[in-house]
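Colleague: This is the content of model33.pdb (PDB, C-alpha atoms):
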MODEL        1
ATOM      1  CA  MET A   1     -33.795 -37.596  21.376
ATOM      2  CA  ARG A   2     -34.129 -34.984  18.680
ATOM      3  CA  SER A   3     -31.393 -32.339  18.485
ATOM      4  CA  VAL A   4     -31.805 -29.285  16.283
ATOM      5  CA  VAL A   5     -29.527 -26.395  15.387
ATOM      6  CA  ILE A   6     -31.128 -22.964  15.415
ATOM      7  CA  ILE A   7     -29.086 -20.166  13.851
ATOM      8  CA  PRO A   8     -30.146 -16.667  14.967
ATOM      9  CA  ALA A   9     -29.800 -14.295  11.994
ATOM     10  CA  ARG A  10     -30.694 -10.643  12.498
ATOM     11  CA  TYR A  11     -30.645  -8.316   9.504
ATOM     12  CA  ALA A  12     -30.506  -5.135  11.592
ATOM     13  CA  SER A  13     -27.046  -5.754  13.036
ATOM     14  CA  THR A  14     -25.665  -2.636  14.721
ATOM     15  CA  ARG A  15     -22.068  -3.104  13.532
ATOM     16  CA  TYR A  16     -22.839  -4.668  10.165
ATOM     17  CA  PRO A  17     -26.416  -4.250   8.851
ATOM     18  CA  GLY A  18     -27.458  -7.021   6.467
ATOM     19  CA  LYS A  19     -24.548  -9.228   7.543
ATOM     20  CA  PRO A  20     -26.330 -12.605   7.142
ATOM     21  CA  LEU A  21     -26.795 -11.902   3.409
ATOM     22  CA  VAL A  22     -23.245 -10.712   2.730
ATOM     23  CA  HIS A  23     -21.661 -12.939   0.095
ATOM     24  CA  LEU A  24     -18.548 -15.004   0.812
ATOM     25  CA  LEU A  25     -17.137 -16.555  -2.368
ATOM     26  CA  GLY A  26     -20.506 -15.941  -4.035
ATOM     27  CA  LYS A  27     -22.690 -17.476  -1.318
ATOM     28  CA  PRO A  28     -24.589 -15.652   1.490
ATOM     29  CA  LEU A  29     -22.936 -15.961   4.894
ATOM     30  CA  ILE A  30     -26.023 -17.490   6.486
ATOM     31  CA  LEU A  31     -25.983 -20.363   3.980
ATOM     32  CA  TRP A  32     -22.364 -21.221   4.808
ATOM     33  CA  VAL A  33     -23.381 -21.583   8.465
ATOM     34  CA  ALA A  34     -26.554 -23.517   7.643
ATOM     35  CA  GLU A  35     -24.631 -25.972   5.462
ATOM     36  CA  LEU A  36     -21.924 -26.692   8.040
ATOM     37  CA  SER A  37     -24.634 -27.156  10.679
ATOM     38  CA  SER A  38     -26.413 -29.644   8.428
ATOM     39  CA  ARG A  39     -23.226 -31.716   8.308
ATOM     40  CA  ALA A  40     -23.603 -32.154  12.060
ATOM     41  CA  VAL A  41     -27.350 -32.758  12.501
ATOM     42  CA  THR A  42     -28.655 -33.146   8.884
ATOM     43  CA  GLN A  43     -30.460 -30.426   6.933
ATOM     44  CA  GLU A  44     -33.835 -31.543   8.269
ATOM     45  CA  ASN A  45     -32.750 -30.443  11.769
ATOM     46  CA  VAL A  46     -31.377 -27.001  10.897
ATOM     47  CA  TYR A  47     -33.478 -23.859  11.338
ATOM     48  CA  ILE A  48     -32.738 -20.170  10.847
ATOM     49  CA  ALA A  49     -34.438 -17.766  13.273
ATOM     50  CA  THR A  50     -34.794 -14.295  11.809
ATOM     51  CA  GLU A  51     -36.826 -11.091  11.974
ATOM     52  CA  ASP A  52     -36.312 -10.311   8.290
ATOM     53  CA  GLU A  53     -38.235 -11.497   5.216
ATOM     54  CA  ARG A  54     -35.148 -11.241   2.990
ATOM     55  CA  ILE A  55     -33.212 -13.686   5.144
ATOM     56  CA  PHE A  56     -36.279 -15.937   5.401
ATOM     57  CA  LYS A  57     -36.623 -16.003   1.605
ATOM     58  CA  THR A  58     -32.909 -16.657   1.008
ATOM     59  CA  VAL A  59     -32.679 -19.668   3.305
ATOM     60  CA  THR A  60     -35.997 -21.264   2.371
ATOM     61  CA  GLU A  61     -35.203 -20.984  -1.342
ATOM     62  CA  ALA A  62     -31.969 -22.853  -0.568
ATOM     63  CA  GLY A  63     -33.976 -25.665   1.043
ATOM     64  CA  PHE A  64     -33.537 -24.747   4.722
ATOM     65  CA  LYS A  65     -36.250 -24.182   7.310
ATOM     66  CA  ALA A  66     -36.769 -20.713   8.759
ATOM     67  CA  VAL A  67     -38.763 -19.308  11.673
ATOM     68  CA  MET A  68     -39.889 -15.694  11.940
ATOM     69  CA  THR A  69     -39.157 -14.093  15.311
ATOM     70  CA  SER A  70     -39.660 -10.665  16.850
ATOM     71  CA  ASP A  71     -37.504  -7.696  15.864
ATOM     72  CA  LYS A  72     -37.454  -6.843  19.589
ATOM     73  CA  ALA A  73     -35.473  -9.901  20.769
ATOM     74  CA  LEU A  74     -32.925  -8.739  23.361
ATOM     75  CA  THR A  75     -30.231 -11.272  22.408
ATOM     76  CA  GLY A  76     -29.598 -14.188  20.092
ATOM     77  CA  THR A  77     -30.607 -16.553  22.902
ATOM     78  CA  ASP A  78     -33.918 -14.710  23.313
ATOM     79  CA  ARG A  79     -34.454 -15.129  19.562
ATOM     80  CA  LEU A  80     -33.648 -18.818  19.965
ATOM     81  CA  ALA A  81     -36.225 -19.076  22.751
ATOM     82  CA  GLN A  82     -38.872 -17.541  20.500
ATOM     83  CA  ALA A  83     -38.024 -19.958  17.697
ATOM     84  CA  ALA A  84     -37.997 -22.974  20.034
ATOM     85  CA  GLU A  85     -41.673 -22.383  20.811
ATOM     86  CA  GLN A  86     -42.362 -23.271  17.170
ATOM     87  CA  ILE A  87     -40.045 -26.308  16.968
ATOM     88  CA  ASP A  88     -40.458 -29.645  18.727
ATOM     89  CA  ALA A  89     -37.097 -31.000  19.953
ATOM     90  CA  ASP A  90     -35.277 -32.229  23.052
ATOM     91  CA  ILE A  91     -32.051 -30.255  22.564
ATOM     92  CA  TYR A  92     -31.688 -26.837  20.933
ATOM     93  CA  ILE A  93     -28.180 -25.938  19.765
ATOM     94  CA  ASN A  94     -27.346 -22.311  19.077
ATOM     95  CA  VAL A  95     -24.759 -21.818  16.330
ATOM     96  CA  GLN A  96     -23.810 -18.211  15.583
ATOM     97  CA  GLY A  97     -24.873 -16.998  12.150
ATOM     98  CA  ASP A  98     -21.628 -15.104  11.550
ATOM     99  CA  GLU A  99     -19.187 -18.022  11.990
ATOM    100  CA  PRO A 100     -18.874 -19.917   8.687
ATOM    101  CA  LEU A 101     -15.766 -21.783   9.877
ATOM    102  CA  VAL A 102     -17.252 -23.651  12.827
ATOM    103  CA  ASP A 103     -16.277 -27.325  12.862
ATOM    104  CA  PRO A 104     -19.390 -29.570  12.658
ATOM    105  CA  GLU A 105     -17.600 -31.961  15.033
ATOM    106  CA  ASP A 106     -17.683 -29.237  17.691
ATOM    107  CA  ILE A 107     -21.457 -28.938  17.293
ATOM    108  CA  LEU A 108     -21.683 -32.674  17.984
ATOM    109  CA  LYS A 109     -19.344 -32.356  20.990
ATOM    110  CA  VAL A 110     -21.652 -29.752  22.527
ATOM    111  CA  ARG A 111     -24.706 -31.882  21.738
ATOM    112  CA  ASP A 112     -23.181 -34.983  23.319
ATOM    113  CA  ALA A 113     -22.208 -33.039  26.437
ATOM    114  CA  LYS A 114     -25.793 -31.843  26.732
ATOM    115  CA  ILE A 115     -27.104 -35.408  26.448
ATOM    116  CA  ALA A 116     -24.778 -36.342  29.327
ATOM    117  CA  LYS A 117     -25.831 -33.317  31.432
ATOM    118  CA  MET A 118     -29.445 -32.532  30.585
ATOM    119  CA  ASP A 119     -29.834 -30.415  33.740
ATOM    120  CA  SER A 120     -27.063 -28.000  32.672
ATOM    121  CA  VAL A 121     -26.552 -25.445  29.930
ATOM    122  CA  ILE A 122     -23.574 -26.341  27.710
ATOM    123  CA  ASN A 123     -21.213 -23.830  26.090
ATOM    124  CA  GLY A 124     -18.027 -24.216  24.066
ATOM    125  CA  PHE A 125     -14.584 -22.860  24.906
ATOM    126  CA  SER A 126     -11.092 -22.860  23.445
ATOM    127  CA  TRP A 127      -7.743 -21.480  24.582
ATOM    128  CA  VAL A 128      -6.701 -17.918  23.787
ATOM    129  CA  GLY A 129      -4.028 -18.240  21.101
ATOM    130  CA  ALA A 130      -0.488 -16.860  21.219
ATOM    131  CA  GLU A 131      -1.436 -14.279  18.594
ATOM    132  CA  GLU A 132      -4.453 -13.089  20.610
ATOM    133  CA  ASP A 133      -4.498 -10.511  23.410
ATOM    134  CA  PRO A 134      -6.297 -11.783  26.527
ATOM    135  CA  ASN A 135      -6.867  -8.146  27.506
ATOM    136  CA  SER A 136      -8.993  -7.532  24.403
ATOM    137  CA  VAL A 137     -12.601  -6.719  25.293
ATOM    138  CA  ASN A 138     -13.647  -8.512  22.105
ATOM    139  CA  ILE A 139     -12.676 -11.874  23.648
ATOM    140  CA  PRO A 140     -14.947 -13.093  26.477
ATOM    141  CA  LYS A 141     -12.702 -14.934  28.930
ATOM    142  CA  VAL A 142     -14.096 -18.008  30.671
ATOM    143  CA  ILE A 143     -13.477 -18.776  34.349
ATOM    144  CA  THR A 144     -14.302 -22.345  35.323
ATOM    145  CA  THR A 145     -13.789 -24.823  38.102
ATOM    146  CA  GLU A 146     -11.308 -27.615  37.425
ATOM    147  CA  ASN A 147     -14.136 -29.798  36.088
ATOM    148  CA  ASN A 148     -15.178 -27.041  33.628
ATOM    149  CA  GLN A 149     -18.279 -25.713  35.384
ATOM    150  CA  LEU A 150     -18.631 -21.994  34.693
ATOM    151  CA  VAL A 151     -17.816 -19.645  37.557
ATOM    152  CA  TYR A 152     -17.883 -16.410  35.558
ATOM    153  CA  MET A 153     -17.268 -14.974  32.111
ATOM    154  CA  SER A 154     -15.738 -11.549  31.512
ATOM    155  CA  ARG A 155     -14.250  -9.233  28.931
ATOM    156  CA  VAL A 156     -11.498  -8.531  31.466
ATOM    157  CA  ALA A 157      -8.514 -10.922  31.515
ATOM    158  CA  LEU A 158      -9.411 -13.353  34.293
ATOM    159  CA  PRO A 159      -8.441 -15.102  36.506
ATOM    160  CA  GLY A 160      -6.451 -12.358  38.177
ATOM    161  CA  TYR A 161      -3.348 -12.792  40.274
ATOM    162  CA  LYS A 162      -1.567 -11.083  43.162
ATOM    163  CA  GLU A 163       2.000 -12.037  42.221
ATOM    164  CA  ALA A 164       3.415 -12.338  38.713
ATOM    165  CA  LYS A 165       4.603 -15.876  39.374
ATOM    166  CA  GLU A 166       0.976 -16.907  39.918
ATOM    167  CA  ALA A 167      -0.234 -15.489  36.595
ATOM    168  CA  PRO A 168      -2.220 -18.025  34.539
ATOM    169  CA  LEU A 169      -0.186 -19.687  31.811
ATOM    170  CA  ARG A 170      -3.114 -19.404  29.402
ATOM    171  CA  TYR A 171      -6.704 -18.223  29.287
ATOM    172  CA  LYS A 172      -9.933 -19.868  28.232
ATOM    173  CA  LYS A 173     -12.242 -18.004  25.858
ATOM    174  CA  GLN A 174     -15.874 -18.535  24.958
ATOM    175  CA  VAL A 175     -16.845 -20.271  21.724
ATOM    176  CA  CYS A 176     -20.429 -19.410  20.834
ATOM    177  CA  ILE A 177     -21.970 -22.842  20.462
ATOM    178  CA  TYR A 178     -24.592 -23.502  23.141
ATOM    179  CA  ALA A 179     -27.042 -26.297  23.966
ATOM    180  CA  PHE A 180     -30.318 -25.871  25.867
ATOM    181  CA  THR A 181     -33.627 -27.531  26.576
ATOM    182  CA  LYS A 182     -36.857 -25.720  25.760
ATOM    183  CA  LYS A 183     -37.518 -25.194  29.467
ATOM    184  CA  GLU A 184     -34.127 -23.522  29.939
ATOM    185  CA  LEU A 185     -34.834 -21.203  27.024
ATOM    186  CA  GLN A 186     -38.262 -20.371  28.392
ATOM    187  CA  ILE A 187     -36.802 -19.468  31.798
ATOM    188  CA  PHE A 188     -34.057 -17.373  30.167
ATOM    189  CA  HIS A 189     -36.511 -15.462  27.979
ATOM    190  CA  GLY A 190     -39.015 -15.186  30.823
ATOM    191  CA  PHE A 191     -36.510 -13.164  32.868
ATOM    192  CA  GLY A 192     -37.744 -10.325  30.671
ATOM    193  CA  ARG A 193     -34.618  -8.183  30.657
ATOM    194  CA  LYS A 194     -30.843  -8.312  30.612
ATOM    195  CA  SER A 195     -29.372  -8.977  34.041
ATOM    196  CA  GLU A 196     -27.005  -6.376  35.485
ATOM    197  CA  LEU A 197     -23.897  -8.495  34.857
ATOM    198  CA  GLU A 198     -25.103  -9.479  31.390
ATOM    199  CA  LYS A 199     -25.672  -5.842  30.470
ATOM    200  CA  SER A 200     -22.331  -4.680  31.864
ATOM    201  CA  GLU A 201     -20.232  -7.410  30.236
ATOM    202  CA  ASP A 202     -22.457  -7.738  27.148
ATOM    203  CA  ILE A 203     -22.342 -11.531  27.528
ATOM    204  CA  GLU A 204     -25.822 -13.055  27.417
ATOM    205  CA  ILE A 205     -24.908 -16.434  28.962
ATOM    206  CA  LEU A 206     -24.429 -14.612  32.293
ATOM    207  CA  ARG A 207     -28.208 -14.340  32.621
ATOM    208  CA  PHE A 208     -28.244 -18.044  33.481
ATOM    209  CA  LEU A 209     -26.060 -17.332  36.545
ATOM    210  CA  GLU A 210     -28.823 -15.061  37.871
ATOM    211  CA  LEU A 211     -31.214 -17.969  37.352
ATOM    212  CA  GLY A 212     -28.969 -20.367  39.291
ATOM    213  CA  LYS A 213     -28.481 -22.595  36.278
ATOM    214  CA  PRO A 214     -25.240 -24.628  36.097
ATOM    215  CA  ILE A 215     -23.242 -24.081  32.901
ATOM    216  CA  TYR A 216     -20.618 -26.542  31.706
ATOM    217  CA  LEU A 217     -17.918 -25.783  29.154
ATOM    218  CA  VAL A 218     -16.748 -28.164  26.427
ATOM    219  CA  GLU A 219     -13.407 -27.667  24.693
ATOM    220  CA  THR A 220     -13.669 -27.064  20.948
ATOM    221  CA  ARG A 221     -11.267 -26.464  18.099
ATOM    222  CA  PRO A 222      -9.430 -23.111  18.320
ATOM    223  CA  GLY A 223      -9.030 -20.641  15.490
ATOM    224  CA  SER A 224     -12.559 -20.086  14.172
ATOM    225  CA  LEU A 225     -13.046 -16.684  12.519
ATOM    226  CA  ALA A 226     -16.275 -14.681  12.658
ATOM    227  CA  VAL A 227     -17.574 -11.990  10.317
ATOM    228  CA  ASP A 228     -18.094  -9.141  12.771
ATOM    229  CA  VAL A 229     -17.351  -6.150  10.504
ATOM    230  CA  PRO A 230     -16.872  -5.653   6.721
ATOM    231  CA  ASP A 231     -13.077  -5.939   7.023
ATOM    232  CA  ASP A 232     -13.478  -9.548   8.201
ATOM    233  CA  VAL A 233     -14.961 -10.741   4.885
ATOM    234  CA  ALA A 234     -11.671 -10.970   2.980
ATOM    235  CA  LYS A 235      -9.931 -12.794   5.850
ATOM    236  CA  VAL A 236     -12.682 -15.383   6.144
ATOM    237  CA  GLU A 237     -12.821 -15.851   2.364
ATOM    238  CA  GLU A 238      -9.108 -16.690   2.315
ATOM    239  CA  VAL A 239      -9.620 -19.451   4.878
ATOM    240  CA  LEU A 240     -12.651 -20.772   2.988
ATOM    241  CA  LYS A 241     -10.556 -20.947  -0.193
ATOM    242  CA  LEU A 242      -7.899 -22.960   1.621
ATOM    243  CA  LEU A 243     -10.520 -25.361   2.953
ATOM    244  CA  ARG A 244     -11.942 -25.809  -0.544
ATOM    245  CA  CYS A 245      -8.510 -26.662  -1.878
ATOM    246  CA  LYS A 246      -7.919 -29.217   0.882
ATOM    247  CA  ARG A 247     -11.236 -30.949   0.137
ATOM    248  CA  LYS A 248     -10.338 -31.146  -3.574
ATOM    249  CA  ASP A 249      -6.963 -32.686  -2.706
ATOM    250  CA  VAL A 250      -8.711 -35.317  -0.619
TER     251      VAL A 250
ENDMDL
END
In structure tokens, how does this file's structure come out?
Modeller:
Amino acid sequence: MRSVVIIPARYASTRYPGKPLVHLLGKPLILWVAELSSRAVTQENVYIATEDERIFKTVTEAGFKAVMTSDKALTGTDRLAQAAEQIDADIYINVQGDEPLVDPEDILKVRDAKIAKMDSVINGFSWVGAEEDPNSVNIPKVITTENNQLVYMSRVALPGYKEAKEAPLRYKKQVCIYAFTKKELQIFHGFGRKSELEKSEDIEILRFLELGKPIYLVETRPGSLAVDVPDDVAKVEEVLKLLRCKRKDV
């Protein structure tokens, strides 16, 4: 079975225009993500899906494959669906283009879970850390059954409780690594719009609930940092420097 990573990379980001080409330690963000993805599935199986010629040129000059997609894609998963029509594979793994600290082992975990459950969408999760606020709307909380099948995902702190003694001891949060088949992506994109829950929560995976598609969650390493806004660059660069030092020590 062929597994590929497709990294959606949109230049016209609302919060941070041009984000995929922002430099971290002298290298464009999108190349950090492409390189870590190649450590999981090899460079031959990594693609960048973009609507922008500048991003296309940057990644192809660095030796990576790129696919041009529409500038009207509703979500990153819709962009992935467009790209998948141009790529022959059995499993399509979505790795976010703004997370240069994703562990390649987690990409493989999600892939292996998909191989075991080809009739289900696979998504990553980790536990909300002690330094994180579960009430933050920037953290999608994951509600699952005891065997990690998704029940719901929300920006509200869930599950709820009636009495304080029944409050959850910890919360699960979404990690944006997904695995799909081409058919699942076609059905998702073919819905043609954001579902009501998806639009309200601003969580695209919820569209699959409208489609009756089972979603299973796989636990991944906690602590990954994303570049969401310009202020995040310095924080991510500090972690990248530490990782570089550790590799040199080894």
Colleague: Contacts of Trp127 of chain A at 9 Å or less, counting all atoms listed in the file, minus same-chain residues fewer than 5 places along, as a list in words?
Modeller: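 Using all atoms listed in the file, the neighbours found are Arg170, Tyr171, Lys172, Lys173, Gln174, Glu219, Thr220, Arg221 and Pro222 of chain A.
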Colleague: Hey, what comes out of the PyMOL selection byres ((chain A and resi 80) around 12) on this file? Could you write it as a PyMOL selection string?
Modeller: chain A and resi 4-10+47-51+66-70+73-79+81-87+91-97+178-182+184-186+188-189
Colleague: For Val41 of chain A, find every residue with an atom within 9 Å (counting all atoms listed in the file), except residues of its own chain fewer than 5 positions away, and show them as a PDB file with C-alpha atoms, in the frame of the given file.
Modeller:
ATOM      1  CA  SER A   3     -31.393 -32.339  18.485  1.00  0.00           C
ATOM      2  CA  VAL A   4     -31.805 -29.285  16.283  1.00  0.00           C
ATOM      3  CA  VAL A   5     -29.527 -26.395  15.387  1.00  0.00           C
ATOM      4  CA  VAL A  46     -31.377 -27.001  10.897  1.00  0.00           C
ATOM      5  CA  PRO A 104     -19.390 -29.570  12.658  1.00  0.00           C
ATOM      6  CA  ILE A 107     -21.457 -28.938  17.293  1.00  0.00           C
ATOM      7  CA  LEU A 108     -21.683 -32.674  17.984  1.00  0.00           C
TER       8      LEU A 108
END
Colleague: Can you work out which one of A:Pro168, A:Leu101, A:Pro134, A:Asp231 has the shortest atom-to-atom distance to Arg15 of chain A, counting all atoms listed in the file?
Modeller: A:Asp231
Colleague: At what distance in Å, to one decimal, does atom CA of Thr60 of chain A lie from atom CA of Ala34 of chain A?
Modeller: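 Computing the Euclidean distance for atom CA of Ala34 of chain A and atom CA of Thr60 of chain A yields 11.0 Å.
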Colleague: When you look at Ala62 of chain A with a cut-off of 12 Å (counting all atoms listed in the file), what residues show up, excluding the ones that are within fewer than 5 positions of it in the same chain? I need them as a PyMOL selection string.
Modeller: chain A and resi 27-28+30-32+34-35+43+48+55-57
Colleague: How many Å separate atom CA of Arg39 of chain A from atom CA of Pro17 of chain A?
Modeller: 27.7 Å
Colleague: Pick out the closest residue to Lys141 of chain A from this set: A:Ile203, A:Met1, A:Ile177, A:Val110. Count all atoms listed in the file.
Modeller: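 Looking at the shortest contact to Lys141 of chain A, the residue is A:Ile203.
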Colleague: If you count all atoms listed in the file, which residues fall within 10 Å of Val151 of chain A, apart from same-chain ones fewer than 3 positions away, as a PyMOL selection string?
Modeller: chain A and resi 142-145+148+206+209+214-216
Colleague: Which is closest to Arg155 of chain A among A:Val239, A:Val33, A:Leu197, A:Ile115, if we use all atoms listed in the file?
Modeller: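 Selected residue with least distance to Arg155 of chain A: A:Leu197.
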Colleague: Adding 3 Å on each side of the box along x, y and z that holds all listed atoms of segment 41-45 of chain A, could you give its centre and edge lengths in Å to one decimal, as JSON?
Modeller:
{"center_x": -30.6, "center_y": -31.8, "center_z": 9.7, "size_x": 12.5, "size_y": 8.7, "size_z": 11.6}
